[in-house]
Each structure stands twice: as C-alpha cells, then as structure tokens.
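Structure file query.txt; described as compact mmCIF, C-alpha atoms.
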```
# COMPACT_ATOMS: atom_id res chain seq x y z
CA MET L 1 144.19 176.97 271.90
CA LEU L 2 147.41 176.95 269.93
CA ARG L 3 150.61 178.59 270.99
CA ARG L 4 151.62 182.11 270.17
CA PHE L 5 154.13 182.93 267.44
CA LEU L 6 156.87 185.48 266.98
CA LEU L 7 157.14 186.94 263.50
CA PRO L 8 160.63 186.98 261.93
CA ALA L 9 162.52 190.08 260.98
CA ALA L 10 162.15 189.39 257.27
CA LEU L 11 158.37 189.65 257.41
CA ILE L 12 158.61 192.75 259.56
CA ALA L 13 161.07 194.30 257.12
CA VAL L 14 158.71 193.99 254.19
CA VAL L 15 155.85 195.54 256.12
CA PRO L 16 156.56 199.21 256.83
CA GLY L 17 154.06 199.34 259.65
CA LEU L 18 156.03 196.77 261.61
CA GLN L 19 159.44 198.28 261.21
CA ALA L 20 158.92 200.84 263.92
CA GLN L 21 158.08 198.23 266.53
CA ASN L 22 160.84 197.45 269.00
CA ALA L 23 159.93 193.78 269.44
CA PRO L 24 158.30 191.35 267.02
CA PRO L 25 154.62 190.76 267.74
CA ASP L 26 153.32 187.42 268.95
CA LEU L 27 150.13 185.77 267.72
CA ASN L 28 147.71 183.09 268.80
CA ASP L 29 146.10 180.57 266.46
CA ALA L 30 143.12 182.65 265.46
CA GLU L 31 145.43 185.54 264.69
CA VAL L 32 147.85 183.36 262.72
CA ALA L 33 144.90 182.16 260.63
CA HIS L 34 143.93 185.78 259.98
CA VAL L 35 147.51 186.67 259.00
CA ALA L 36 147.61 183.71 256.60
CA VAL L 37 144.35 184.68 254.92
CA THR L 38 145.40 188.33 254.80
CA ALA L 39 148.78 187.51 253.28
CA ASN L 40 147.13 185.41 250.56
CA THR L 41 144.48 188.03 249.87
CA ILE L 42 147.12 190.75 249.53
CA ASP L 43 148.91 188.80 246.82
CA ILE L 44 145.64 187.97 245.06
CA ASP L 45 144.79 191.68 244.95
CA ALA L 46 148.32 192.55 243.79
CA GLY L 47 147.97 189.99 241.01
CA LYS L 48 144.65 191.46 239.87
CA PHE L 49 146.19 194.93 239.89
CA ALA L 50 149.14 193.72 237.83
CA GLN L 51 146.81 192.13 235.30
CA SER L 52 145.04 195.46 234.90
CA LYS L 53 148.28 197.43 234.47
CA SER L 54 150.79 195.22 232.69
CA HIS L 55 150.98 194.44 228.99
CA ASN L 56 153.79 191.91 229.40
CA SER L 57 152.43 188.36 229.06
CA LYS L 58 155.15 186.95 231.33
CA VAL L 59 154.08 189.32 234.07
CA THR L 60 150.34 188.81 233.58
CA ASP L 61 150.80 185.03 233.45
CA PHE L 62 152.72 185.19 236.72
CA ALA L 63 149.98 187.35 238.21
CA ALA L 64 147.35 184.83 237.10
CA THR L 65 149.29 182.07 238.85
CA MET L 66 149.44 184.13 242.04
CA ILE L 67 145.68 184.70 241.92
CA ARG L 68 144.97 181.02 241.25
CA ASP L 69 147.34 179.58 243.83
CA HIS L 70 146.71 181.96 246.70
CA THR L 71 142.97 181.57 246.16
CA ALA L 72 143.39 177.80 246.46
CA VAL L 73 145.43 178.20 249.64
CA ASN L 74 142.85 180.54 251.14
CA GLN L 75 140.13 178.00 250.41
CA GLN L 76 142.15 175.35 252.23
CA ALA L 77 142.82 177.71 255.13
CA ALA L 78 139.13 178.56 255.45
CA ALA L 79 138.21 174.87 255.41
CA LEU L 80 140.81 174.12 258.08
CA ALA L 81 139.65 176.99 260.26
CA GLY L 82 136.13 175.59 260.02
CA ARG L 83 137.27 172.10 261.01
CA LEU L 84 139.25 173.48 263.94
CA HIS L 85 136.42 175.81 264.96
CA VAL L 86 138.84 178.73 264.81
CA THR L 87 137.52 182.10 263.74
CA PRO L 88 140.34 184.17 262.21
CA ARG L 89 140.84 187.27 264.33
CA ASP L 90 142.11 190.59 263.08
CA ASN L 91 145.31 191.76 264.71
CA ALA L 92 148.16 194.24 264.46
CA VAL L 93 150.18 192.11 262.07
CA SER L 94 147.28 191.69 259.64
CA GLN L 95 146.63 195.40 259.82
CA SER L 96 150.28 196.17 259.17
CA LEU L 97 150.33 193.76 256.24
CA THR L 98 147.28 195.50 254.81
CA SER L 99 148.82 198.91 255.40
CA GLY L 100 152.06 197.85 253.73
CA ALA L 101 150.16 196.43 250.78
CA ARG L 102 148.28 199.68 250.38
CA GLU L 103 151.53 201.63 250.34
CA ALA L 104 153.00 199.23 247.78
CA HIS L 105 149.87 199.59 245.67
CA ASP L 106 150.17 203.38 245.76
CA ARG L 107 153.81 203.21 244.65
CA LEU L 108 152.95 200.83 241.82
CA ALA L 109 149.99 202.91 240.73
CA ASN L 110 152.32 205.75 239.78
CA LEU L 111 154.33 203.54 237.43
CA GLU L 112 153.63 202.45 233.87
CA GLY L 113 154.96 199.97 231.36
CA ALA L 114 158.32 198.33 231.99
CA ALA L 115 158.87 200.36 235.17
CA PHE L 116 155.67 198.96 236.62
CA ASP L 117 156.58 195.41 235.59
CA ARG L 118 159.98 195.63 237.29
CA ALA L 119 158.57 197.17 240.46
CA TYR L 120 155.76 194.62 240.70
CA MET L 121 158.14 191.70 240.27
CA ASP L 122 160.59 193.20 242.78
CA ARG L 123 157.75 193.47 245.26
CA GLU L 124 156.70 189.86 244.60
CA ILE L 125 160.25 188.64 245.20
CA ALA L 126 160.55 190.52 248.49
CA TYR L 127 157.07 189.49 249.61
CA HIS L 128 157.51 185.78 248.93
CA GLN L 129 160.99 185.78 250.49
CA ALA L 130 159.52 187.33 253.61
CA VAL L 131 156.68 184.82 253.80
CA LEU L 132 159.12 181.96 253.19
CA ASP L 133 161.31 183.18 256.05
CA ALA L 134 158.29 183.42 258.31
CA LEU L 135 157.31 179.84 257.49
CA ASP L 136 160.81 178.41 257.88
CA LYS L 137 161.98 180.27 260.96
CA VAL L 138 158.85 180.53 263.04
CA LEU L 139 155.53 179.24 261.83
CA ILE L 140 156.34 175.64 260.79
CA PRO L 141 158.86 174.83 263.55
CA THR L 142 156.74 176.22 266.35
CA THR L 143 153.29 175.02 265.29
CA GLU L 144 152.01 172.19 267.45
CA ASN L 145 148.57 171.64 265.94
CA ALA L 146 149.09 168.83 263.41
CA ASP L 147 146.53 170.06 260.88
CA LEU L 148 147.81 173.61 260.91
CA LYS L 149 151.40 172.42 260.70
CA LYS L 150 150.51 170.24 257.69
CA LEU L 151 148.84 173.15 255.92
CA LEU L 152 151.85 175.38 256.50
CA THR L 153 154.18 172.61 255.36
CA ASP L 154 152.10 171.97 252.25
CA VAL L 155 152.09 175.66 251.39
CA ARG L 156 155.86 176.06 251.79
CA PRO L 157 156.89 174.50 248.42
CA ALA L 158 154.37 176.69 246.59
CA ILE L 159 155.80 179.83 248.16
CA ALA L 160 159.33 178.71 247.28
CA ALA L 161 158.29 177.98 243.68
CA HIS L 162 156.58 181.36 243.43
CA LEU L 163 159.80 183.00 244.59
CA GLU L 164 161.86 181.20 241.93
CA HIS L 165 159.24 181.91 239.28
CA ALA L 166 159.27 185.60 240.25
CA LYS L 167 163.06 185.73 240.00
CA GLN L 168 162.93 184.14 236.53
CA VAL L 169 160.37 186.65 235.30
CA ARG L 170 162.24 189.56 236.85
CA ALA L 171 165.53 188.45 235.27
CA GLY L 172 163.85 188.52 231.87
CA LEU L 173 162.77 192.12 232.34
CA GLY L 174 166.28 193.57 232.56
CA ASP L 175 167.18 196.74 234.42
CA HIS L 176 166.02 199.35 231.95
CA MET V 1 148.89 109.57 214.72
CA THR V 2 152.42 108.42 214.12
CA ARG V 3 155.10 108.80 216.73
CA SER V 4 156.99 111.37 214.61
CA ALA V 5 153.87 113.46 214.02
CA GLY V 6 153.12 113.44 217.71
CA LEU V 7 156.63 114.65 218.51
CA LEU V 8 156.29 117.41 215.90
CA ILE V 9 153.07 118.68 217.44
CA LEU V 10 154.58 118.55 220.91
CA GLY V 11 157.64 120.41 219.68
CA LEU V 12 155.55 123.16 218.09
CA ALA V 13 153.53 123.50 221.28
CA VAL V 14 156.69 123.89 223.33
CA VAL V 15 158.07 126.50 220.92
CA ALA V 16 154.80 128.42 220.97
CA GLY V 17 154.71 128.32 224.76
CA CYS V 18 158.24 129.62 225.04
CA ARG V 19 157.82 132.41 222.49
CA LYS V 20 157.92 135.89 224.04
CA ASP V 21 156.20 138.98 222.71
CA ALA V 22 158.44 141.72 221.38
CA SER V 23 157.13 144.11 224.02
CA PRO V 24 156.05 143.48 227.60
CA PRO V 25 152.41 143.72 228.58
CA ALA V 26 151.09 147.26 228.97
CA ALA V 27 151.70 148.73 232.40
CA ARG V 28 150.14 151.57 234.32
CA HIS V 29 152.46 154.17 235.88
CA THR V 30 151.49 156.88 238.35
CA VAL V 31 153.18 160.24 238.67
CA THR V 32 152.23 162.24 241.75
CA LEU V 33 152.05 166.01 241.64
CA GLN V 34 153.07 167.07 245.11
CA ALA V 35 155.16 169.74 246.82
CA MET V 36 155.46 171.61 243.52
CA GLY V 37 157.09 168.70 241.75
CA PHE V 38 156.47 165.58 239.66
CA GLN V 39 157.30 162.41 241.59
CA PRO V 40 159.04 160.66 239.95
CA ASP V 41 160.26 163.41 237.65
CA THR V 42 161.80 160.85 235.27
CA LEU V 43 159.62 157.90 234.24
CA ARG V 44 160.58 155.01 231.95
CA ALA V 45 157.72 153.38 230.06
CA HIS V 46 157.01 151.25 227.01
CA PRO V 47 154.67 151.75 224.07
CA GLY V 48 151.17 150.85 225.18
CA ASP V 49 151.75 151.85 228.81
CA THR V 50 149.41 154.29 230.51
CA ILE V 51 150.85 157.18 232.51
CA VAL V 52 148.56 158.68 235.14
CA TRP V 53 149.30 162.05 236.74
CA VAL V 54 147.46 162.69 240.01
CA ASN V 55 147.47 166.10 241.68
CA HIS V 56 147.88 165.80 245.44
CA ASP V 57 149.21 169.33 245.79
CA ILE V 58 147.52 172.24 247.49
CA VAL V 59 147.47 174.32 244.29
CA PRO V 60 146.31 173.55 240.71
CA HIS V 61 148.78 172.17 238.17
CA THR V 62 148.96 170.88 234.60
CA THR V 63 151.01 168.21 232.88
CA THR V 64 151.89 169.58 229.47
CA ALA V 65 154.28 168.01 226.97
CA ASN V 66 156.83 170.46 225.60
CA ASP V 67 155.90 169.34 222.07
CA SER V 68 152.13 169.47 222.85
CA THR V 69 151.75 165.67 222.59
CA TRP V 70 149.47 165.98 225.61
CA ASP V 71 148.05 168.74 227.77
CA SER V 72 145.94 167.95 230.80
CA GLY V 73 144.56 171.42 231.29
CA GLN V 74 144.16 172.57 234.88
CA LEU V 75 144.14 169.76 237.43
CA ASN V 76 142.78 170.77 240.82
CA GLN V 77 143.64 168.87 243.98
CA GLY V 78 142.46 165.27 243.65
CA GLU V 79 142.06 165.33 239.88
CA GLN V 80 144.04 163.18 237.45
CA PHE V 81 144.96 162.85 233.78
CA GLU V 82 145.96 159.83 231.70
CA TRP V 83 148.09 159.49 228.57
CA ILE V 84 148.87 156.28 226.68
CA ALA V 85 152.38 156.13 225.25
CA THR V 86 152.54 155.03 221.62
CA ASP V 87 155.84 156.05 220.05
CA ARG V 88 159.30 155.60 221.50
CA GLY V 89 161.24 158.68 222.49
CA ASP V 90 161.84 161.16 225.28
CA TYR V 91 158.91 163.39 226.17
CA PRO V 92 159.93 166.33 228.37
CA TYR V 93 157.02 168.08 230.00
CA LEU V 94 156.20 170.78 232.54
CA CYS V 95 153.44 172.39 234.53
CA SER V 96 152.36 175.28 232.36
CA LEU V 97 151.22 177.15 235.49
CA HIS V 98 154.56 176.68 237.29
CA PRO V 99 157.39 176.45 234.75
CA VAL V 100 159.85 175.51 237.50
CA MET V 101 158.11 172.09 237.60
CA THR V 102 159.53 169.79 234.93
CA GLY V 103 159.66 166.07 234.17
CA VAL V 104 160.29 163.60 231.38
CA VAL V 105 158.67 160.37 230.17
CA GLN V 106 161.14 158.07 228.44
CA VAL V 107 159.29 155.62 226.18
CA GLU V 108 161.70 152.77 225.35
```
What would the structure in this file look like if it were written as structure tokens?
Amino acid sequence: MLRRFLLPAALIAVVPGLQAQNAPPDLNDAEVAHVAVTANTIDIDAGKFAQSKSHNSKVTDFAATMIRDHTAVNQQAAALAGRLHVTPRDNAVSQSLTSGAREAHDRLANLEGAAFDRAYMDREIAYHQAVLDALDKVLIPTTENADLKKLLTDVRPAIAAHLEHAKQVRAGLGDH
Amino acid sequence: MTRSAGLLILGLAVVAGCRKDASPPAARHTVTLQAMGFQPDTLRAHPGDTIVWVNHDIVPHTTTANDSTWDSGQLNQGEQFEWIATDRGDYPYLCSLHPVMTGVVQVE
C-alpha cells in the first residue's frame, strides 16, 4: 500500500467543493489513482464541450489536444493500475473535482461566442495550474512507488506545456 | 613496364587513395521526443543524412516542418518518423499538436 497524500491549496482553490474544508484531505494510492483518472476525464469532457460550443479554431484545436493528451494519460494510468493491482477508489476529492467541473460546465453553458472562448480558456489555465501545483508540491515529492512516481513525473511536462499553450491561446483572444 | 610508367601508375594510385569526397558519408541522427520537447532541439546534418524522430513521450506528437518540407502526422508513444535531408539550409519545425515544442535541423 502506498502512502497517503495531502492535496495542495491550489487544487483545493479550483474545486469549490473543497474550499469549505478546514484541512486538506489525504489520499491513499487507490484514491490517488482515482483522482488522476477523474482529473483527466474532466478535462477530456471539457474539451469535448468546447468543441461543441466554440467556432474559434485556436480554441477547438486546443480542446482537441486536451482530449488527445488526457486520453493518452488515462490509458497509461489504467495500464499502471492494472500492473500494480490497484483498483482506483472513489473518494471525496474525486467527488469534489466532479462537482466543481459540473459547476464550471453550467457557467460555461450560459456563454456564447467570444465570451465562452475566454471563459473556457480561463478555466483551462486555472485547472492546469492547480494540477501542476499538486504534482510539484505534493504528489511527485511524496510518492514512493517508483512506477507511480515515474508516471507522475512523465505527465508533469505535458501539464506544464498545456498551461503555456492555454495562456498563448487566451492571450490571442483579448479581453473583449 | 618501364620504371617511369610504373612510378606514374603508383603516383595516380596514391592520389586516388588520398582523394576525399566533397561530402562525408551519410549519417543517421536521432531526435527524441520526450518531456514535451525535441532532444536535441538543434541538429546539424549534411545532405544525404537521415534524421529519425522517435516519440518516447507519454502523449502523441508530430514533427512538422514550418515550410511543410515534412510532416510526420501523429506519432504515438514508441512510433518514429524518418526524413532524408537533401538541400542545405535551416529547417525550423514544431509539433503541430503542441506549438510550444520547436526545433531546427541545420543542413550544412
């Protein structure tokens, strides 16, 4: 069994359901695996939603990259979980991530055109920054299982590149 | 065979043996796609060389010349793409899926 993890404030801040908690939650391996899969799935779904709403090719291309990359990461995570005989287990953090994603979806659903594009890209920037902080401050440094640590380390550059890509796209959208 | 003719043949053989080709023999270079980057991101090659891009990253990538000289299409983890350099010049390229990933092949 792997150690338990504390989630950083940045990840909690981007998930409304976690903000009310007094102390950051801690997770075991099976729960971390579930959080990882959930976090990827949320961004895949957000990308599909953006593709259905946006008419800006920069935004839809970015969304396609999110779908492609996070699907690849989830496939790797599932394969690793199988090798480690770990069954991802639902937990409060995964549920809060899902709840936060649903709220974000509802906010985005009310927007159209350029307003939607800006809000979607703002959400992607905040989301990837939060995941990056979680990787850097807690998940990678505290993971002891070599395979899991390698997966998290391998994913880290992709998350950082997504963040920079999102900032580039957002900068091209302007403020109005 | 006269002595002078023999020396002439020997001299020609020595000259031929010492002659160098204008360009070195074709080489094979490997660029690794890893950690959201091309490694090395700057590669020097010669006409006739083969450049091989291999994706070792966790996510799919492409190698796509800015001027469309080559385009690998999507390379999943473990897949590779080859391009043979013909003309001298600088060939900047990127991953069309992740524009923050850039590199250049300098054919000299």
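Atom CA of L:Glu103 is found 18.5 Å from atom CA of L:Asn91.
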Pick from V:Ile58, V:Gly73, V:Asp90, V:Trp83, whichever lies nearest to L:His70 using only C-alpha atoms: V:Ile58
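Taking only C-alpha atoms, the non-local environment of L:Ala161 within 7 Å (same-chain residues fewer than 4 positions away omitted) comprises Pro157 and His165 of chain L; Met36 and Val100 of chain V.
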Residues of chain L within 9 Å of chain V, all atoms listed in the file counted, as a VMD selection string: chain L and resid 61 to 62 64 to 65 68 to 73 76 151 154 to 158 160 to 162 164 to 165
Go ahead and compute the interatomic distance for atom CA of L:Val138 and atom CA of V:Phe38, in Å to one decimal.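 Taking atom CA of L:Val138 and atom CA of V:Phe38, their separation equals 27.9 Å.
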Provide the atom CA of V:Ala85 to atom CA of V:Val52 distance in Å, to one decimal place. 10.9 Å
If we count only C-alpha atoms and set the cut-off at 8 Å, which residues sit around L:Glu124, ignoring sequence neighbours fewer than 3 positions away in its own chain? Please answer as a PDB file with C-alpha atoms, keeping the file's coordinate frame.
```
ATOM      1  CA  TYR L 120     155.760 194.620 240.700  1.00  0.00           C
ATOM      2  CA  MET L 121     158.140 191.700 240.270  1.00  0.00           C
ATOM      3  CA  TYR L 127     157.070 189.490 249.610  1.00  0.00           C
ATOM      4  CA  HIS L 128     157.510 185.780 248.930  1.00  0.00           C
ATOM      5  CA  LEU L 163     159.800 183.000 244.590  1.00  0.00           C
ATOM      6  CA  ALA L 166     159.270 185.600 240.250  1.00  0.00           C
TER       7      ALA L 166
END
```
What's the 12 Å shell around V:Thr42, counting all atoms listed in the file, without same-chain residues fewer than 6 positions away, as a list in words? His29, Thr30, Val31, Thr32, Ile51, Asp90, Tyr91, Pro92, Tyr93, Leu94, Thr102, Gly103, Val104, Val105, Gln106 and Val107 of chain V
Go ahead and write the residues just picked, C-alpha atoms, as a PDB file, in the frame of the given file.
```
ATOM      1  CA  HIS V  29     152.460 154.170 235.880  1.00  0.00           C
ATOM      2  CA  THR V  30     151.490 156.880 238.350  1.00  0.00           C
ATOM      3  CA  VAL V  31     153.180 160.240 238.670  1.00  0.00           C
ATOM      4  CA  THR V  32     152.230 162.240 241.750  1.00  0.00           C
ATOM      5  CA  ILE V  51     150.850 157.180 232.510  1.00  0.00           C
ATOM      6  CA  ASP V  90     161.840 161.160 225.280  1.00  0.00           C
ATOM      7  CA  TYR V  91     158.910 163.390 226.170  1.00  0.00           C
ATOM      8  CA  PRO V  92     159.930 166.330 228.370  1.00  0.00           C
ATOM      9  CA  TYR V  93     157.020 168.080 230.000  1.00  0.00           C
ATOM     10  CA  LEU V  94     156.200 170.780 232.540  1.00  0.00           C
ATOM     11  CA  THR V 102     159.530 169.790 234.930  1.00  0.00           C
ATOM     12  CA  GLY V 103     159.660 166.070 234.170  1.00  0.00           C
ATOM     13  CA  VAL V 104     160.290 163.600 231.380  1.00  0.00           C
ATOM     14  CA  VAL V 105     158.670 160.370 230.170  1.00  0.00           C
ATOM     15  CA  GLN V 106     161.140 158.070 228.440  1.00  0.00           C
ATOM     16  CA  VAL V 107     159.290 155.620 226.180  1.00  0.00           C
TER      17      VAL V 107
END
```
